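All remarks here apply to the structure that follows.
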Amino acid sequence: MRSLAIRSLWASVWFVAACASSADKGGADGTTDSGSSSGASRGGEAGSSSGGSSGGGSTSSGSSSGSGSSSGGTGTAPTLGGCGVLPADNPWNTRIDDTAAYPVNPSSATYIANMSPNTHLHPDWGDWSTDHYGIPWQTVPASQAMVPMTFDTADQSDPGPYPFPADARVEGGSDSGGDMHVLVIEEGTCALYETWNSTYLAPGWHAGSGARFALASNALRPDGWTSADAAGLPILPGLVKVAEVNAGAVDHALRFTMAHSQQAYIHPATHAAGDASAVLPPMGLRLRLKASFDLSGFAGPSLVVLTAMKQYGIILADNGSDWYITGDSDDAWTDLMDQLVGDFDKVLGSDFEVVETGPLSTAGL
């Protein structure tokens, strides 16, 4: 049964074509994005890739970075492969730096105290060719052949066929044994297909679960349903993409992970894979870097990403390493990573506050 709770900002819902329904597995089964880290302490997920037309030149974003003035409300919709990544009024694309419109959550101090507040941020992305850090995404033409799909969690997965090439890039590589996400945007239809634990088994693919999102729509997955993420959210909209950073602005909220979460969610999340503890953060919890946090000592890519954290915030999307911010995998990250890793070391969990964006729900869990 769908929750009838007031959805406020999160009332924007995600469309899912061809729904099926499922067992209560986590991100997509409570999987952790803890990953192997190496090289300048990068790579929180099991590494990944931004494929095909990934992370690079097909990303466009609108507003400039910099600390900016508060302007809660809708922003601009990023564009990938000729497709807007969700409408401009979607929660992912909505600024939350207006504290009158988006006040601090009454439980903010409790949540932060139970989220490893002394742990620093970690940029969970990097190059593809050598280390496969980050989560892959790619675009395919409308003519891409559709192939059959099978899922472990079939009753919460959108059934195939999916437009997955046989050589679609898999997070961490096809034999990585990590979360092994595959993210594909189909041009023309502007449908986003996402899977986790993905393996090519000719002529199609097998995965833990899969979800289809219409990028022109704001509809949610059914309450209680997972996606390729524990929160039931799409992954692609929350990735830090190197093309955005190089263009000077990230105009959307960012995806992040925590090791421990509550068995509850806040829309637009629809699923949880946590513990029965009210002090832990629920899936879909949205935080922003405090307005008082001084950005004057940051420049370049670090300033771009931290500004987005002030303006759009971060959304808890999966269980994984604490305070890992997720991005795409692209060789264009290589020369930027040392600065990002060093600067993220200066930002702690305690520098964030939780934003009030809607009620907790356990519907469907």
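In the structure tokens, chains take the letters A, B, ... in the order shown, each chain's residues start at 1, and ligands count up from 1 in the order shown.
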
Which residues, written as a list in words, have at least one atom at most 7 Å from Ala253 in chain A, with only C-alpha atoms counted and residues fewer than 4 positions away on the same chain left out? Trp92, Asn93, Gly238, Ala308, Tyr312, Gly313, Ile314 and Ile315 of chain A

Can I get the selection written as a PDB file, in the first residue's frame, with C-alpha atoms?
ATOM      1  CA  TRP A  92      17.730  16.263  -7.011  1.00  0.00           C
ATOM      2  CA  ASN A  93      17.728  19.556  -8.935  1.00  0.00           C
ATOM      3  CA  GLY A 238      23.535  12.175  -7.764  1.00  0.00           C
ATOM      4  CA  ALA A 308      27.098  22.267  -4.581  1.00  0.00           C
ATOM      5  CA  TYR A 312      21.931  21.492  -3.240  1.00  0.00           C
ATOM      6  CA  GLY A 313      23.195  19.286  -0.434  1.00  0.00           C
ATOM      7  CA  ILE A 314      23.831  15.558  -0.282  1.00  0.00           C
ATOM      8  CA  ILE A 315      21.345  12.674  -0.105  1.00  0.00           C
TER       9      ILE A 315
END

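Checking A:Val85, A:Leu183, A:Met309, A:Ala363 one by one against Leu215 in chain A, counting only C-alpha atoms, you find the shortest gap at A:Val85.
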
CA of Gly173 in chain A to CA of Ala269 in chain A, straight-line distance in Å: 27.4 Å

Could I get the residues of range 270-355 of chain A with an atom no further than 7 Å from an atom of range 120-129 of chain A, each paired with its nearest atom pair and that distance in Å to one decimal, using only C-alpha atoms, sorted by chain and residue number, as CSV?
residue,atom,partner,partner_atom,distance
A:Trp323,CA,A:Leu121,CA,5.1
A:Tyr324,CA,A:His122,CA,4.8
A:Ile325,CA,A:Pro123,CA,5.3
A:Thr326,CA,A:Asp124,CA,4.9
A:Gly327,CA,A:Trp125,CA,4.8
A:Asp328,CA,A:Trp125,CA,5.7
A:Ser329,CA,A:Gly126,CA,5.1
A:Asp330,CA,A:Asp127,CA,4.6
A:Asp331,CA,A:Asp127,CA,4.2
A:Ala332,CA,A:Asp127,CA,6.9
A:Trp333,CA,A:Gly126,CA,5.3
A:Thr334,CA,A:Asp127,CA,5.7
A:Met337,CA,A:Gly126,CA,6.9
A:Leu340,CA,A:Pro123,CA,6.9
A:Val341,CA,A:Pro123,CA,6.4
A:Phe344,CA,A:Leu121,CA,5.1
A:Asp345,CA,A:His120,CA,5.3
A:Lys346,CA,A:His120,CA,6.7
A:Val347,CA,A:His120,CA,5.4
A:Leu348,CA,A:His120,CA,4.1
A:Gly349,CA,A:His120,CA,6.2

Applying 7 Å and only C-alpha atoms, which residues near Val140 in chain A remain after dropping the ones on its own chain fewer than 3 positions away? List them as a ChimeraX atom specification. /A:144,184-187

Go ahead and write the residues just picked, N, CA and C atoms, as an mmCIF file, in the first residue's frame.
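Result file selection05.cif:
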data_model
loop_
_atom_site.group_PDB
_atom_site.id
_atom_site.type_symbol
_atom_site.label_atom_id
_atom_site.label_comp_id
_atom_site.auth_asym_id
_atom_site.auth_seq_id
_atom_site.Cartn_x
_atom_site.Cartn_y
_atom_site.Cartn_z
ATOM 1 N N GLN A 144 19.895 1.006 -30.123
ATOM 2 C CA GLN A 144 20.596 -0.046 -29.383
ATOM 3 C C GLN A 144 19.678 -1.253 -29.180
ATOM 4 N N VAL A 184 22.790 3.091 -17.854
ATOM 5 C CA VAL A 184 22.678 3.361 -19.286
ATOM 6 C C VAL A 184 21.521 4.315 -19.545
ATOM 7 N N ILE A 185 21.792 5.397 -20.273
ATOM 8 C CA ILE A 185 20.746 6.296 -20.754
ATOM 9 C C ILE A 185 20.471 5.950 -22.208
ATOM 10 N N GLU A 186 19.220 5.711 -22.527
ATOM 11 C CA GLU A 186 18.819 5.454 -23.913
ATOM 12 C C GLU A 186 18.415 6.779 -24.549
ATOM 13 N N GLU A 187 19.174 7.219 -25.536
ATOM 14 C CA GLU A 187 18.863 8.467 -26.228
ATOM 15 C C GLU A 187 17.532 8.341 -26.952
#

How would you write, as a PyMOL selection string, the set of residues in range 105-223 of chain A that DSSP gives as helix (DSSP H, G or I)? chain A and resi 108-113+154-156

Test item, strand (DSSP E or B) assignment across range 34-265 of chain A, answer as number ranges by chain: A: 38, 42, 60, 73-74, 79-80, 83-84, 94-95, 104, 120, 122-126, 135, 138-140, 147, 149-151, 162, 182-186, 191-196, 199-201, 204-207, 209-214, 240, 254-258, 262-265

Take the residues just selected and output them with C-alpha atoms as a PDB file, in the first residue's frame.
ATOM      1  CA  SER A  38      44.043   2.827  -3.053  1.00  0.00           C
ATOM      2  CA  ARG A  42      40.557   7.040  -3.368  1.00  0.00           C
ATOM      3  CA  SER A  60      25.891  20.505 -19.267  1.00  0.00           C
ATOM      4  CA  GLY A  73      13.576  26.339  -4.985  1.00  0.00           C
ATOM      5  CA  THR A  74      14.188  24.831  -8.345  1.00  0.00           C
ATOM      6  CA  THR A  79      21.655  17.361 -19.537  1.00  0.00           C
ATOM      7  CA  LEU A  80      23.293  14.092 -20.570  1.00  0.00           C
ATOM      8  CA  CYS A  83      18.301  14.233 -22.130  1.00  0.00           C
ATOM      9  CA  GLY A  84      17.477  16.397 -19.150  1.00  0.00           C
ATOM     10  CA  THR A  94      16.273  21.729  -6.155  1.00  0.00           C
ATOM     11  CA  ARG A  95      18.409  24.143  -4.161  1.00  0.00           C
ATOM     12  CA  VAL A 104      17.177  22.489   9.888  1.00  0.00           C
ATOM     13  CA  HIS A 120      36.184  13.583   6.848  1.00  0.00           C
ATOM     14  CA  HIS A 122      35.996  11.155   0.760  1.00  0.00           C
ATOM     15  CA  PRO A 123      35.714  11.721  -3.016  1.00  0.00           C
ATOM     16  CA  ASP A 124      34.619   8.293  -4.218  1.00  0.00           C
ATOM     17  CA  TRP A 125      35.543   8.607  -7.865  1.00  0.00           C
ATOM     18  CA  GLY A 126      38.525   8.736 -10.192  1.00  0.00           C
ATOM     19  CA  ILE A 135      30.330   4.506 -10.911  1.00  0.00           C
ATOM     20  CA  GLN A 138      27.009   5.700 -20.626  1.00  0.00           C
ATOM     21  CA  THR A 139      24.570   6.679 -23.337  1.00  0.00           C
ATOM     22  CA  VAL A 140      23.358   4.398 -26.111  1.00  0.00           C
ATOM     23  CA  VAL A 147      18.356  -7.712 -24.539  1.00  0.00           C
ATOM     24  CA  MET A 149      17.287  -9.468 -18.261  1.00  0.00           C
ATOM     25  CA  THR A 150      17.036 -11.727 -15.227  1.00  0.00           C
ATOM     26  CA  PHE A 151      17.142 -10.560 -11.602  1.00  0.00           C
ATOM     27  CA  TYR A 162      17.087  -3.359 -21.402  1.00  0.00           C
ATOM     28  CA  VAL A 182      25.619  -0.585 -14.845  1.00  0.00           C
ATOM     29  CA  LEU A 183      23.957   2.743 -15.757  1.00  0.00           C
ATOM     30  CA  VAL A 184      22.678   3.361 -19.286  1.00  0.00           C
ATOM     31  CA  ILE A 185      20.746   6.296 -20.754  1.00  0.00           C
ATOM     32  CA  GLU A 186      18.819   5.454 -23.913  1.00  0.00           C
ATOM     33  CA  ALA A 191      15.008   6.412 -20.251  1.00  0.00           C
ATOM     34  CA  LEU A 192      17.605   5.589 -17.607  1.00  0.00           C
ATOM     35  CA  TYR A 193      18.278   1.916 -16.854  1.00  0.00           C
ATOM     36  CA  GLU A 194      20.274   0.952 -13.755  1.00  0.00           C
ATOM     37  CA  THR A 195      21.335  -2.410 -12.321  1.00  0.00           C
ATOM     38  CA  TRP A 196      23.668  -3.693  -9.622  1.00  0.00           C
ATOM     39  CA  THR A 199      26.927  -9.842 -15.225  1.00  0.00           C
ATOM     40  CA  TYR A 200      26.689 -10.358 -18.965  1.00  0.00           C
ATOM     41  CA  LEU A 201      25.245 -13.777 -19.765  1.00  0.00           C
ATOM     42  CA  GLY A 204      21.468 -10.651 -22.046  1.00  0.00           C
ATOM     43  CA  TRP A 205      22.374  -9.711 -18.488  1.00  0.00           C
ATOM     44  CA  HIS A 206      21.764 -10.999 -14.988  1.00  0.00           C
ATOM     45  CA  ALA A 207      21.676  -8.578 -12.036  1.00  0.00           C
ATOM     46  CA  SER A 209      17.905  -5.915  -9.334  1.00  0.00           C
ATOM     47  CA  GLY A 210      17.131  -3.345 -11.984  1.00  0.00           C
ATOM     48  CA  ALA A 211      15.162  -0.139 -12.389  1.00  0.00           C
ATOM     49  CA  ARG A 212      13.985   2.029 -15.254  1.00  0.00           C
ATOM     50  CA  PHE A 213      13.475   5.763 -14.753  1.00  0.00           C
ATOM     51  CA  ALA A 214      11.857   8.141 -17.245  1.00  0.00           C
ATOM     52  CA  VAL A 240      29.618  14.126  -9.291  1.00  0.00           C
ATOM     53  CA  LEU A 254      25.050  14.578  -4.513  1.00  0.00           C
ATOM     54  CA  ARG A 255      24.805  10.926  -3.554  1.00  0.00           C
ATOM     55  CA  PHE A 256      26.616   9.677  -0.447  1.00  0.00           C
ATOM     56  CA  THR A 257      26.854   6.561   1.730  1.00  0.00           C
ATOM     57  CA  MET A 258      26.950   5.699   5.427  1.00  0.00           C
ATOM     58  CA  GLN A 262      17.815   3.483   9.937  1.00  0.00           C
ATOM     59  CA  GLN A 263      15.146   1.098   8.670  1.00  0.00           C
ATOM     60  CA  ALA A 264      13.087   3.975   7.295  1.00  0.00           C
ATOM     61  CA  TYR A 265      13.192   6.420   4.415  1.00  0.00           C
TER      62      TYR A 265
END

Which residues come within 8 Å of Pro222 in chain A, counting only C-alpha atoms, excluding same-chain residues fewer than 2 positions away, as a compact mmCIF listing (two decimals) with C-alpha atoms, in the first residue's frame?
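Written output follows (out13.txt):
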# COMPACT_ATOMS: atom_id res chain seq x y z
CA ARG A 2 1.31 3.44 -0.94
CA LEU A 220 8.56 7.63 -7.54
CA GLY A 224 9.06 -0.26 -0.18
CA TRP A 225 10.77 -0.90 -3.51
CA THR A 270 11.35 4.48 -1.22

Determine the nearest neighbour of Glu244 in chain A from the options A:Leu86, A:Val305, A:Ile96, A:Ala317, counting only C-alpha atoms. A:Val305

Considering only C-alpha atoms, can you say which of A:Ser217, A:Asp98, A:Leu236, A:Gly248 comes closest to Gly134 in chain A? A:Leu236

Pairwise distance for CA of Ser350 in chain A and CA of Asp294 in chain A, rounded to one decimal in Å: 13.7 Å
